[in-house]
Amino acid sequence: MIEANNPELKSWIEVEPDSDFPIQNLPFGIIRPLHGDPRPATRIGNIAIDLSVLADFGFFDHLDIDDLSVFYQPILNPLMAQGKPIWSAIRKTLSELFRIESTELLQNEEARNLALIPVDEVVMEMPVMVGDYTDFYSSLEHATNVGTMFRDPSNALYPNWKHLPVGYHGRSSSIVVSGTNIHRPKGQTLPKEASKPVFGPSKLVDFELEMAFITGKESTLGESISTDQAGDYIFGLVLFNDLSARDMQKWEYVPLGPFLAKNFGSVISPWIVTLEALEPFRVDGPAQDPPVLPYLKDSGSNSYNIQLEVVLTPPSGQPNTLCISNFKHMYWSINQQLAHQTVNGCNVRIGDMYGSGTISGPTPDSYGSMLELSWQGTKPIHLNDGTERKFIQDNDTITLRGYCVNGTTRLGFGECVTKILPAN
Ligand code: MN
């Protein structure tokens, strides 16, 4: 077992029992203090821990890092470039400094006062500079629901779907951190029974409940990453709300796929939970039938039990839970996604992001988009303030949450929040 994952560990920083951030998590993010530049941090309970201060006081001097400036950068890309053994060693150092038996930092009042900052006194920034962005389509239930609505219930999946993780290359410039509000997009749509398109604000803005993994290691153009090697490349995961304009999507997507309906804003949670921290929550993914081609074979329990939920808060302020799903429903694993992404020799870079695709579960209360929850608007969703929704209205706030529990440990991703503002 990885010692930092030991469920017995407790921190001298107070952690509430339902916190997403016990000492077993130790995620990585970028904080901006009230007076200071953005810098790398981790979090325990409701305390952000400034890694640049820990570096100032020499707490990382024993690590085999050639350049300690990685702890002072406004993005995590340089830290990730140090490689998996260093990611692990930093996490181990943090685990040792903050466990309850440890007095070294606890007794260094100056370092402690500078390094520990309540989370409500920092602004969370984008944790990485995103290079390339891929969005997969890897939930069988989601693909089946969409195919049933738009194609044919008896033939919902395209013939390729169970043979490869379908995906497309998206845009990275509009991936933003939680707390960033997004204006309703404008674009072309084809109204029902019309013969010509119209231009205006989208009427069918939707969320997509997704997670995304981030690569922290480069590969070489022309070479492939196997499913067995994928874990060395994947730094960690975040929650991912892939906002979508369904009316624009329907008109524009033929024949090359999603474009402006998908790139007006996608929102991530600010703390990257490492694959290492998720290790105790591995579970088997769904059985794959028909068998996959050899390059997609993935041995072991390569899915993760991550409980996911989506909350809609209308302007009246009362939150409504719209869906409860789980990452374990994904048909294709992240190892298979990365193996497929690179099987043709396409190279990956540090900071690249890979969305899972909408994560729907098997029951109607687990569907990961309003398109499915309201079944194309035919089944309005009743909110507890008496209003109803088919899609997102202006000034609605969408919150994604995700956490893992296994009987001994609970850890999570915090929140991924965005409000839909009126069209500009
Ligand atoms: Mn998507």
# chains A, B, ... in the order shown; residues from 1 in each chain; ligands from 1
>>> residues_near_ligand(ligand="ligand 1", cutoff="12 Å", atoms="only C-alpha atoms and all ligand atoms", output="ChimeraX atom specification")
/A:133-139,142-143,166-171,206-212,240-246,249,257-259,261-263,265-267,354-360,368-369
>>> residues_around(residues="region 402-404 of chain A", least_positions_apart="2", cutoff="10 Å", atoms="only C-alpha atoms", output="ChimeraX atom specification")
/A:18-21,211,238-239,269,278,280-282,304-310,324-327,400,406-407,409-416
>>> write_last_selection(atoms="C-alpha atoms", output="PDB file, in the first residue's frame")
ATOM      1  CA  ASP A  18     -17.639  14.740   5.398  1.00  0.00           C
ATOM      2  CA  SER A  19     -14.708  16.756   4.013  1.00  0.00           C
ATOM      3  CA  ASP A  20     -13.429  15.927   0.522  1.00  0.00           C
ATOM      4  CA  PHE A  21      -9.902  16.761   1.685  1.00  0.00           C
ATOM      5  CA  MET A 211     -14.636  13.879 -15.455  1.00  0.00           C
ATOM      6  CA  VAL A 238     -10.928  16.685 -12.160  1.00  0.00           C
ATOM      7  CA  LEU A 239     -14.674  17.185 -12.480  1.00  0.00           C
ATOM      8  CA  SER A 269     -12.918  21.662 -10.540  1.00  0.00           C
ATOM      9  CA  LEU A 278      -7.608   7.306  -6.146  1.00  0.00           C
ATOM     10  CA  PRO A 280      -7.903   2.625  -2.975  1.00  0.00           C
ATOM     11  CA  PHE A 281     -11.095   3.287  -4.954  1.00  0.00           C
ATOM     12  CA  ARG A 282     -10.309   1.153  -7.998  1.00  0.00           C
ATOM     13  CA  TYR A 304     -12.830   4.113 -10.122  1.00  0.00           C
ATOM     14  CA  ASN A 305     -15.761   4.249  -7.746  1.00  0.00           C
ATOM     15  CA  ILE A 306     -16.455   7.990  -7.767  1.00  0.00           C
ATOM     16  CA  GLN A 307     -19.944   9.082  -6.754  1.00  0.00           C
ATOM     17  CA  LEU A 308     -21.031  12.053  -8.863  1.00  0.00           C
ATOM     18  CA  GLU A 309     -23.876  14.500  -8.525  1.00  0.00           C
ATOM     19  CA  VAL A 310     -25.289  17.524 -10.308  1.00  0.00           C
ATOM     20  CA  ILE A 324     -26.621  11.009  -9.029  1.00  0.00           C
ATOM     21  CA  SER A 325     -24.217   8.981 -11.156  1.00  0.00           C
ATOM     22  CA  ASN A 326     -20.872   7.211 -10.808  1.00  0.00           C
ATOM     23  CA  PHE A 327     -17.622   7.204 -12.773  1.00  0.00           C
ATOM     24  CA  LEU A 400     -20.916  19.210 -10.015  1.00  0.00           C
ATOM     25  CA  ASN A 406     -14.764   2.800   0.684  1.00  0.00           C
ATOM     26  CA  GLY A 407     -15.601   2.180   4.338  1.00  0.00           C
ATOM     27  CA  THR A 409     -11.672   6.708   3.747  1.00  0.00           C
ATOM     28  CA  ARG A 410     -13.708   9.428   2.090  1.00  0.00           C
ATOM     29  CA  LEU A 411     -12.080  11.860  -0.275  1.00  0.00           C
ATOM     30  CA  GLY A 412     -13.350  13.987  -3.117  1.00  0.00           C
ATOM     31  CA  PHE A 413     -12.957  16.620  -5.746  1.00  0.00           C
ATOM     32  CA  GLY A 414     -14.731  19.582  -4.158  1.00  0.00           C
ATOM     33  CA  GLU A 415     -17.033  21.480  -6.476  1.00  0.00           C
ATOM     34  CA  CYS A 416     -17.213  22.542 -10.107  1.00  0.00           C
TER      35      CYS A 416
END
>>> closest_atom_pairs(of="region 147-223 of chain A", to="region 283-302 of chain A", cutoff="9 Å", atoms="only C-alpha atoms", output="JSON lines")
{"residue": "A:Lys162", "atom": "CA", "partner": "A:Pro290", "partner_atom": "CA", "distance": 7.1}
{"residue": "A:His163", "atom": "CA", "partner": "A:Val292", "partner_atom": "CA", "distance": 5.9}
{"residue": "A:Leu164", "atom": "CA", "partner": "A:Val292", "partner_atom": "CA", "distance": 7.9}
>>> closest_residue(among="A:Pro40, A:Gly361, A:Gly231, A:Gly187", to="Leu68 (chain A)", atoms="only C-alpha atoms")
A:Pro40
>>> residues_around(residues="Pro185 (chain A)", least_positions_apart="2", cutoff="7 Å", atoms="only C-alpha atoms", output="ChimeraX atom specification")
/A:183,187,201-202,264,423
>>> select_by_dssp(residues="region 108-316 of chain A", states="alpha helix (DSSP H)", output="PDB file with C-alpha atoms, in the first residue's frame")
ATOM      1  CA  GLU A 109       5.453  28.915  13.719  1.00  0.00           C
ATOM      2  CA  GLU A 110       6.785  31.233  11.023  1.00  0.00           C
ATOM      3  CA  ALA A 111       6.555  28.631   8.246  1.00  0.00           C
ATOM      4  CA  ARG A 112       3.207  27.393   9.475  1.00  0.00           C
ATOM      5  CA  ASN A 113       1.650  30.874   9.581  1.00  0.00           C
ATOM      6  CA  LEU A 114       2.838  31.657   6.063  1.00  0.00           C
ATOM      7  CA  ALA A 115       1.993  28.293   4.480  1.00  0.00           C
ATOM      8  CA  LEU A 140     -22.765   3.224 -22.822  1.00  0.00           C
ATOM      9  CA  GLU A 141     -25.912   4.531 -21.158  1.00  0.00           C
ATOM     10  CA  HIS A 142     -25.367   8.078 -22.463  1.00  0.00           C
ATOM     11  CA  ALA A 143     -24.575   6.941 -26.009  1.00  0.00           C
ATOM     12  CA  THR A 144     -27.597   4.634 -25.941  1.00  0.00           C
ATOM     13  CA  ASN A 145     -29.899   7.403 -24.692  1.00  0.00           C
ATOM     14  CA  VAL A 146     -28.677   9.889 -27.301  1.00  0.00           C
ATOM     15  CA  GLY A 147     -28.872   7.269 -30.059  1.00  0.00           C
ATOM     16  CA  THR A 148     -32.390   6.341 -28.976  1.00  0.00           C
ATOM     17  CA  MET A 149     -33.514   9.963 -29.152  1.00  0.00           C
ATOM     18  CA  PHE A 150     -31.784  10.964 -32.369  1.00  0.00           C
ATOM     19  CA  ALA A 230      -1.053   4.818 -19.337  1.00  0.00           C
ATOM     20  CA  GLY A 231      -0.816   5.143 -15.542  1.00  0.00           C
ATOM     21  CA  ASP A 232       2.680   6.648 -15.830  1.00  0.00           C
ATOM     22  CA  TYR A 233       1.326   9.435 -18.036  1.00  0.00           C
ATOM     23  CA  ARG A 246     -28.120  21.320 -28.121  1.00  0.00           C
ATOM     24  CA  ASP A 247     -29.937  23.346 -30.776  1.00  0.00           C
ATOM     25  CA  MET A 248     -26.673  24.631 -32.268  1.00  0.00           C
ATOM     26  CA  GLN A 249     -25.169  21.144 -32.005  1.00  0.00           C
ATOM     27  CA  LYS A 250     -28.010  19.532 -33.942  1.00  0.00           C
ATOM     28  CA  TRP A 251     -27.660  21.940 -36.885  1.00  0.00           C
ATOM     29  CA  GLU A 252     -23.863  22.207 -37.105  1.00  0.00           C
ATOM     30  CA  LEU A 275      -4.309   8.801  -9.624  1.00  0.00           C
ATOM     31  CA  GLU A 276      -2.266   7.713  -6.619  1.00  0.00           C
ATOM     32  CA  ALA A 277      -4.864   9.090  -4.179  1.00  0.00           C
ATOM     33  CA  LEU A 278      -7.608   7.306  -6.146  1.00  0.00           C
TER      34      LEU A 278
END
>>> atom_distance(atom1="CA of Gly200 (chain A)", atom2="CA of Asn320 (chain A)")
28.7 Å
>>> closest_atom_pairs(of="region 7-46 of chain A", to="region 88-96 of chain A", cutoff="9 Å", atoms="only C-alpha atoms", output="CSV")
residue,atom,partner,partner_atom,distance
A:Leu9,CA,A:Ser95,CA,8.6
A:Ser11,CA,A:Ser95,CA,8.4
A:Ile23,CA,A:Ser95,CA,6.5
A:Gln24,CA,A:Ser95,CA,7.6
A:Leu26,CA,A:Arg91,CA,6.7
A:Pro27,CA,A:Arg91,CA,8.5
A:Thr42,CA,A:Leu94,CA,8.6
>>> write_last_selection(atoms="N, CA, C and O atoms", output="PDB file, in the first residue's frame")
ATOM      1  N   LEU A   9      -4.182   7.306   8.874  1.00  0.00           N
ATOM      2  CA  LEU A   9      -3.514   8.600   9.051  1.00  0.00           C
ATOM      3  C   LEU A   9      -4.503   9.685   9.420  1.00  0.00           C
ATOM      4  O   LEU A   9      -5.605   9.757   8.888  1.00  0.00           O
ATOM      5  N   SER A  11      -4.491  14.103  10.375  1.00  0.00           N
ATOM      6  CA  SER A  11      -3.683  15.317  10.266  1.00  0.00           C
ATOM      7  C   SER A  11      -3.842  16.178  11.508  1.00  0.00           C
ATOM      8  O   SER A  11      -4.882  16.133  12.172  1.00  0.00           O
ATOM      9  N   ILE A  23      -6.251  13.956   4.892  1.00  0.00           N
ATOM     10  CA  ILE A  23      -4.811  13.868   4.585  1.00  0.00           C
ATOM     11  C   ILE A  23      -4.512  12.789   3.533  1.00  0.00           C
ATOM     12  O   ILE A  23      -3.457  12.811   2.895  1.00  0.00           O
ATOM     13  N   GLN A  24      -5.459  11.889   3.308  1.00  0.00           N
ATOM     14  CA  GLN A  24      -5.263  10.860   2.269  1.00  0.00           C
ATOM     15  C   GLN A  24      -5.477  11.411   0.857  1.00  0.00           C
ATOM     16  O   GLN A  24      -5.240  10.700  -0.119  1.00  0.00           O
ATOM     17  N   LEU A  26      -4.633  15.036  -0.534  1.00  0.00           N
ATOM     18  CA  LEU A  26      -3.475  15.842  -0.948  1.00  0.00           C
ATOM     19  C   LEU A  26      -3.473  16.143  -2.454  1.00  0.00           C
ATOM     20  O   LEU A  26      -2.546  15.765  -3.186  1.00  0.00           O
ATOM     21  N   PRO A  27      -4.511  16.833  -2.917  1.00  0.00           N
ATOM     22  CA  PRO A  27      -4.600  17.176  -4.335  1.00  0.00           C
ATOM     23  C   PRO A  27      -3.656  18.324  -4.667  1.00  0.00           C
ATOM     24  O   PRO A  27      -3.082  18.936  -3.765  1.00  0.00           O
ATOM     25  N   THR A  42      -1.604  22.561  -1.977  1.00  0.00           N
ATOM     26  CA  THR A  42      -2.446  21.398  -1.722  1.00  0.00           C
ATOM     27  C   THR A  42      -3.479  21.843  -0.692  1.00  0.00           C
ATOM     28  O   THR A  42      -3.535  23.013  -0.301  1.00  0.00           O
TER      29      THR A  42
END
>>> residues_around(residues="Asp50 (chain A)", least_positions_apart="4", cutoff="10 Å", atoms="only C-alpha atoms", output="short mmCIF file (atom, residue, chain, number, x, y, z; two decimals) with all heavy atoms, in the first residue's frame")
data_model
loop_
_atom_site.label_atom_id
_atom_site.label_comp_id
_atom_site.auth_asym_id
_atom_site.auth_seq_id
_atom_site.Cartn_x
_atom_site.Cartn_y
_atom_site.Cartn_z
N GLY A 29 -3.33 22.06 -6.74
CA GLY A 29 -4.06 23.14 -7.37
C GLY A 29 -3.19 24.38 -7.43
O GLY A 29 -2.02 24.37 -6.99
N ILE A 30 -3.75 25.45 -7.97
CA ILE A 30 -3.06 26.74 -8.01
C ILE A 30 -3.92 27.75 -7.25
O ILE A 30 -5.08 27.97 -7.60
CB ILE A 30 -2.83 27.23 -9.45
CG1 ILE A 30 -1.87 26.31 -10.20
CG2 ILE A 30 -2.33 28.68 -9.46
CD1 ILE A 30 -0.40 26.40 -9.77
N ILE A 31 -3.32 28.32 -6.18
CA ILE A 31 -4.03 29.34 -5.40
C ILE A 31 -3.47 30.72 -5.70
O ILE A 31 -2.30 30.87 -6.03
CB ILE A 31 -3.91 29.08 -3.88
CG1 ILE A 31 -2.43 29.04 -3.44
CG2 ILE A 31 -4.63 27.80 -3.48
CD1 ILE A 31 -2.23 29.11 -1.93
N ARG A 32 -4.34 31.72 -5.57
CA ARG A 32 -3.86 33.11 -5.58
C ARG A 32 -4.27 33.73 -4.26
O ARG A 32 -5.45 33.95 -4.00
CB ARG A 32 -4.44 33.88 -6.76
CG ARG A 32 -3.94 35.33 -6.83
CD ARG A 32 -4.10 35.94 -8.22
NE ARG A 32 -5.45 35.84 -8.73
CZ ARG A 32 -6.45 36.66 -8.39
NH1 ARG A 32 -6.24 37.64 -7.52
NH2 ARG A 32 -7.64 36.49 -8.90
N PRO A 33 -3.29 33.98 -3.37
CA PRO A 33 -3.61 34.61 -2.09
C PRO A 33 -4.04 36.06 -2.32
O PRO A 33 -3.81 36.62 -3.40
CB PRO A 33 -2.29 34.56 -1.31
CG PRO A 33 -1.40 33.65 -2.07
CD PRO A 33 -1.86 33.66 -3.49
N PRO A 38 -0.18 33.79 -8.21
CA PRO A 38 -0.62 32.39 -8.17
C PRO A 38 0.56 31.44 -7.94
O PRO A 38 1.65 31.67 -8.47
CB PRO A 38 -1.22 32.16 -9.56
CG PRO A 38 -1.56 33.53 -10.07
CD PRO A 38 -0.53 34.44 -9.48
N ARG A 39 0.35 30.41 -7.15
CA ARG A 39 1.40 29.43 -6.87
C ARG A 39 0.78 28.08 -6.50
O ARG A 39 -0.39 28.02 -6.11
CB ARG A 39 2.34 29.91 -5.76
CG ARG A 39 1.84 29.93 -4.32
CD ARG A 39 0.99 31.11 -3.92
NE ARG A 39 1.52 32.42 -4.16
CZ ARG A 39 2.26 33.11 -3.28
NH1 ARG A 39 2.55 32.61 -2.10
NH2 ARG A 39 2.66 34.32 -3.58
N PRO A 40 1.56 27.00 -6.62
CA PRO A 40 1.04 25.65 -6.34
C PRO A 40 0.66 25.48 -4.87
O PRO A 40 1.26 26.07 -3.97
CB PRO A 40 2.20 24.73 -6.70
CG PRO A 40 3.05 25.53 -7.65
CD PRO A 40 2.93 26.95 -7.17
N ALA A 41 -0.36 24.65 -4.66
CA ALA A 41 -0.84 24.40 -3.30
C ALA A 41 -1.44 23.01 -3.22
O ALA A 41 -1.75 22.38 -4.23
CB ALA A 41 -1.90 25.44 -2.93
N THR A 42 -1.60 22.56 -1.98
CA THR A 42 -2.45 21.40 -1.72
C THR A 42 -3.48 21.84 -0.69
O THR A 42 -3.53 23.01 -0.30
CB THR A 42 -1.63 20.18 -1.26
OG1 THR A 42 -2.51 19.04 -1.21
CG2 THR A 42 -1.02 20.38 0.12
N ARG A 43 -4.31 20.91 -0.27
CA ARG A 43 -5.40 21.28 0.64
C ARG A 43 -5.65 20.14 1.62
O ARG A 43 -5.70 18.97 1.23
CB ARG A 43 -6.67 21.57 -0.18
CG ARG A 43 -7.90 21.83 0.67
CD ARG A 43 -9.08 22.27 -0.17
NE ARG A 43 -10.26 22.39 0.67
CZ ARG A 43 -11.42 22.93 0.29
NH1 ARG A 43 -11.55 23.41 -0.93
NH2 ARG A 43 -12.44 22.99 1.13
N LEU A 54 6.58 26.14 1.68
CA LEU A 54 7.26 24.93 2.13
C LEU A 54 8.62 24.80 1.44
O LEU A 54 9.60 24.38 2.05
CB LEU A 54 6.41 23.69 1.87
CG LEU A 54 5.05 23.66 2.58
CD1 LEU A 54 4.34 22.32 2.32
CD2 LEU A 54 5.19 23.88 4.10
N ALA A 55 8.67 25.21 0.15
CA ALA A 55 9.95 25.18 -0.56
C ALA A 55 10.92 26.22 0.02
O ALA A 55 12.10 25.94 0.22
CB ALA A 55 9.73 25.44 -2.05
N PHE A 71 7.88 24.98 -7.69
CA PHE A 71 6.96 25.29 -6.59
C PHE A 71 6.55 26.77 -6.55
O PHE A 71 5.83 27.19 -5.65
CB PHE A 71 7.60 24.91 -5.24
CG PHE A 71 7.80 23.43 -5.09
CD1 PHE A 71 9.07 22.88 -5.14
CD2 PHE A 71 6.70 22.58 -4.92
CE1 PHE A 71 9.25 21.51 -5.01
CE2 PHE A 71 6.88 21.21 -4.80
CZ PHE A 71 8.17 20.67 -4.85
N TYR A 72 7.04 27.55 -7.53
CA TYR A 72 6.73 28.99 -7.56
C TYR A 72 6.03 29.40 -8.85
O TYR A 72 5.82 30.59 -9.08
CB TYR A 72 8.04 29.79 -7.41
CG TYR A 72 8.78 29.49 -6.12
CD1 TYR A 72 9.65 28.41 -6.04
CD2 TYR A 72 8.60 30.29 -4.98
CE1 TYR A 72 10.32 28.11 -4.86
CE2 TYR A 72 9.27 30.01 -3.81
CZ TYR A 72 10.12 28.92 -3.76
OH TYR A 72 10.80 28.63 -2.59
N ARG A 112 4.60 27.83 9.38
CA ARG A 112 3.21 27.39 9.48
C ARG A 112 2.25 28.55 9.19
O ARG A 112 1.30 28.43 8.43
CB ARG A 112 2.96 26.82 10.87
CG ARG A 112 1.60 26.25 11.12
CD ARG A 112 1.61 25.34 12.35
NE ARG A 112 2.30 25.94 13.48
CZ ARG A 112 1.74 26.72 14.41
NH1 ARG A 112 0.46 27.01 14.35
NH2 ARG A 112 2.46 27.22 15.40
N LEU A 114 2.78 31.21 7.46
CA LEU A 114 2.84 31.66 6.06
C LEU A 114 2.22 30.63 5.12
O LEU A 114 1.59 30.98 4.12
CB LEU A 114 4.30 31.91 5.65
CG LEU A 114 4.94 33.16 6.24
CD1 LEU A 114 6.45 33.15 6.00
CD2 LEU A 114 4.32 34.42 5.64
N ALA A 115 2.39 29.35 5.43
CA ALA A 115 1.99 28.29 4.48
C ALA A 115 0.51 27.97 4.54
O ALA A 115 -0.09 27.59 3.54
CB ALA A 115 2.80 27.03 4.73
N LEU A 116 -0.09 28.07 5.73
CA LEU A 116 -1.48 27.63 5.89
C LEU A 116 -2.42 28.82 5.72
O LEU A 116 -2.33 29.80 6.47
CB LEU A 116 -1.68 26.99 7.27
CG LEU A 116 -1.35 25.50 7.39
CD1 LEU A 116 0.09 25.22 7.03
CD2 LEU A 116 -1.67 24.99 8.78
N ILE A 117 -3.32 28.72 4.75
CA ILE A 117 -4.25 29.82 4.46
C ILE A 117 -5.67 29.24 4.36
O ILE A 117 -5.88 28.26 3.63
CB ILE A 117 -3.91 30.49 3.10
CG1 ILE A 117 -2.40 30.76 2.99
CG2 ILE A 117 -4.71 31.76 2.91
CD1 ILE A 117 -1.96 31.23 1.61
#
>>> closest_residue(among="A:Gln337, A:Gln73, A:Asn5, A:Asn25", to="Asp37 (chain A)", atoms="only C-alpha atoms")
A:Gln73
>>> closest_residue(among="A:Ile49, A:Lys217, A:His35, A:Ser154", to="Phe98 (chain A)", atoms="only C-alpha atoms")
A:Ile49
>>> closest_residue(among="A:Ser173, A:Ser333, A:Thr321, A:Ser102", to="Arg401 (chain A)", atoms="only C-alpha atoms")
A:Thr321
>>> residues_around(residues="Ile225 (chain A)", least_positions_apart="2", cutoff="8 Å", atoms="only C-alpha atoms", output="PyMOL selection string")
chain A and resi 219+223+227+229-230+338-339+342-343
>>> atom_distance(atom1="CA of Pro270 (chain A)", atom2="CA of Ile100 (chain A)")
26.3 Å
>>> atom_distance(atom1="CA of Pro422 (chain A)", atom2="CA of Pro319 (chain A)")
20.0 Å
>>> select_by_dssp(residues="region 304-412 of chain A", states="strand (DSSP E or B)", output="MDAnalysis selection string")
chainID A and resid 304 307:313 320:326 353:355 369 381:382 388:389 397:405 410:412
>>> closest_atom_pairs(of="region 200-242 of chain A", to="region 372-391 of chain A", cutoff="8 Å", atoms="only C-alpha atoms", output="tab-separated table")
residue	atom	partner	partner_atom	distance
A:Lys203	CA	A:Phe391	CA	7.9
A:Leu204	CA	A:Phe391	CA	5.5
A:Val205	CA	A:Phe391	CA	5.9
A:Asp206	CA	A:Phe391	CA	5.8
>>> write_last_selection(atoms="C-alpha atoms", output="CSV table (one decimal), in the first residue's frame")
chain,number,residue,atom,x,y,z
A,203,LYS,CA,-32.4,28.1,-26.4
A,204,LEU,CA,-31.2,24.6,-25.3
A,205,VAL,CA,-28.1,25.2,-23.1
A,206,ASP,CA,-27.2,22.0,-21.2
>>> closest_residue(among="A:Leu237, A:Ile350, A:Val176, A:Val311", to="Ile398 (chain A)", atoms="only C-alpha atoms")
A:Val311
>>> decode(residues="region 414-421 of chain A", atoms="all heavy atoms", output="PDB file, in the first residue's frame")
ATOM      1  N   GLY A 414     -14.187  18.248  -4.374  1.00  0.00           N
ATOM      2  CA  GLY A 414     -14.731  19.582  -4.158  1.00  0.00           C
ATOM      3  C   GLY A 414     -15.839  19.844  -5.157  1.00  0.00           C
ATOM      4  O   GLY A 414     -16.577  18.934  -5.534  1.00  0.00           O
ATOM      5  N   GLU A 415     -15.923  21.092  -5.614  1.00  0.00           N
ATOM      6  CA  GLU A 415     -17.033  21.480  -6.476  1.00  0.00           C
ATOM      7  C   GLU A 415     -16.554  22.063  -7.801  1.00  0.00           C
ATOM      8  O   GLU A 415     -15.482  22.656  -7.879  1.00  0.00           O
ATOM      9  CB  GLU A 415     -17.886  22.551  -5.782  1.00  0.00           C
ATOM     10  CG  GLU A 415     -18.658  22.027  -4.604  1.00  0.00           C
ATOM     11  CD  GLU A 415     -19.593  23.079  -4.013  1.00  0.00           C
ATOM     12  OE1 GLU A 415     -19.355  24.298  -4.216  1.00  0.00           O
ATOM     13  OE2 GLU A 415     -20.557  22.678  -3.359  1.00  0.00           O
ATOM     14  N   CYS A 416     -17.406  21.923  -8.797  1.00  0.00           N
ATOM     15  CA  CYS A 416     -17.213  22.542 -10.107  1.00  0.00           C
ATOM     16  C   CYS A 416     -18.469  23.355 -10.371  1.00  0.00           C
ATOM     17  O   CYS A 416     -19.530  22.797 -10.632  1.00  0.00           O
ATOM     18  CB  CYS A 416     -17.022  21.441 -11.145  1.00  0.00           C
ATOM     19  SG  CYS A 416     -16.978  22.022 -12.841  1.00  0.00           S
ATOM     20  N   VAL A 417     -18.367  24.685 -10.238  1.00  0.00           N
ATOM     21  CA  VAL A 417     -19.545  25.558 -10.233  1.00  0.00           C
ATOM     22  C   VAL A 417     -19.483  26.553 -11.387  1.00  0.00           C
ATOM     23  O   VAL A 417     -18.434  27.154 -11.649  1.00  0.00           O
ATOM     24  CB  VAL A 417     -19.600  26.378  -8.914  1.00  0.00           C
ATOM     25  CG1 VAL A 417     -20.895  27.170  -8.820  1.00  0.00           C
ATOM     26  CG2 VAL A 417     -19.432  25.479  -7.698  1.00  0.00           C
ATOM     27  N   THR A 418     -20.616  26.748 -12.040  1.00  0.00           N
ATOM     28  CA  THR A 418     -20.719  27.829 -13.027  1.00  0.00           C
ATOM     29  C   THR A 418     -22.153  28.316 -13.112  1.00  0.00           C
ATOM     30  O   THR A 418     -23.094  27.547 -12.911  1.00  0.00           O
ATOM     31  CB  THR A 418     -20.234  27.371 -14.418  1.00  0.00           C
ATOM     32  OG1 THR A 418     -20.149  28.500 -15.275  1.00  0.00           O
ATOM     33  CG2 THR A 418     -21.180  26.361 -15.057  1.00  0.00           C
ATOM     34  N   LYS A 419     -22.299  29.613 -13.360  1.00  0.00           N
ATOM     35  CA  LYS A 419     -23.633  30.188 -13.573  1.00  0.00           C
ATOM     36  C   LYS A 419     -23.759  30.561 -15.050  1.00  0.00           C
ATOM     37  O   LYS A 419     -22.826  31.085 -15.636  1.00  0.00           O
ATOM     38  CB  LYS A 419     -23.806  31.428 -12.697  1.00  0.00           C
ATOM     39  CG  LYS A 419     -25.235  31.990 -12.732  1.00  0.00           C
ATOM     40  CD  LYS A 419     -25.307  33.408 -12.239  1.00  0.00           C
ATOM     41  CE  LYS A 419     -25.484  33.461 -10.719  1.00  0.00           C
ATOM     42  NZ  LYS A 419     -25.841  34.833 -10.278  1.00  0.00           N
ATOM     43  N   ILE A 420     -24.933  30.268 -15.619  1.00  0.00           N
ATOM     44  CA  ILE A 420     -25.182  30.651 -17.016  1.00  0.00           C
ATOM     45  C   ILE A 420     -25.761  32.069 -17.018  1.00  0.00           C
ATOM     46  O   ILE A 420     -26.850  32.312 -16.475  1.00  0.00           O
ATOM     47  CB  ILE A 420     -26.140  29.667 -17.704  1.00  0.00           C
ATOM     48  CG1 ILE A 420     -25.526  28.256 -17.729  1.00  0.00           C
ATOM     49  CG2 ILE A 420     -26.458  30.141 -19.129  1.00  0.00           C
ATOM     50  CD1 ILE A 420     -24.211  28.146 -18.477  1.00  0.00           C
ATOM     51  N   LEU A 421     -25.016  32.989 -17.606  1.00  0.00           N
ATOM     52  CA  LEU A 421     -25.429  34.388 -17.689  1.00  0.00           C
ATOM     53  C   LEU A 421     -26.183  34.612 -19.004  1.00  0.00           C
ATOM     54  O   LEU A 421     -26.026  33.832 -19.957  1.00  0.00           O
ATOM     55  CB  LEU A 421     -24.197  35.289 -17.626  1.00  0.00           C
ATOM     56  CG  LEU A 421     -23.318  35.120 -16.380  1.00  0.00           C
ATOM     57  CD1 LEU A 421     -22.054  35.978 -16.508  1.00  0.00           C
ATOM     58  CD2 LEU A 421     -24.090  35.484 -15.120  1.00  0.00           C
TER      59      LEU A 421
END
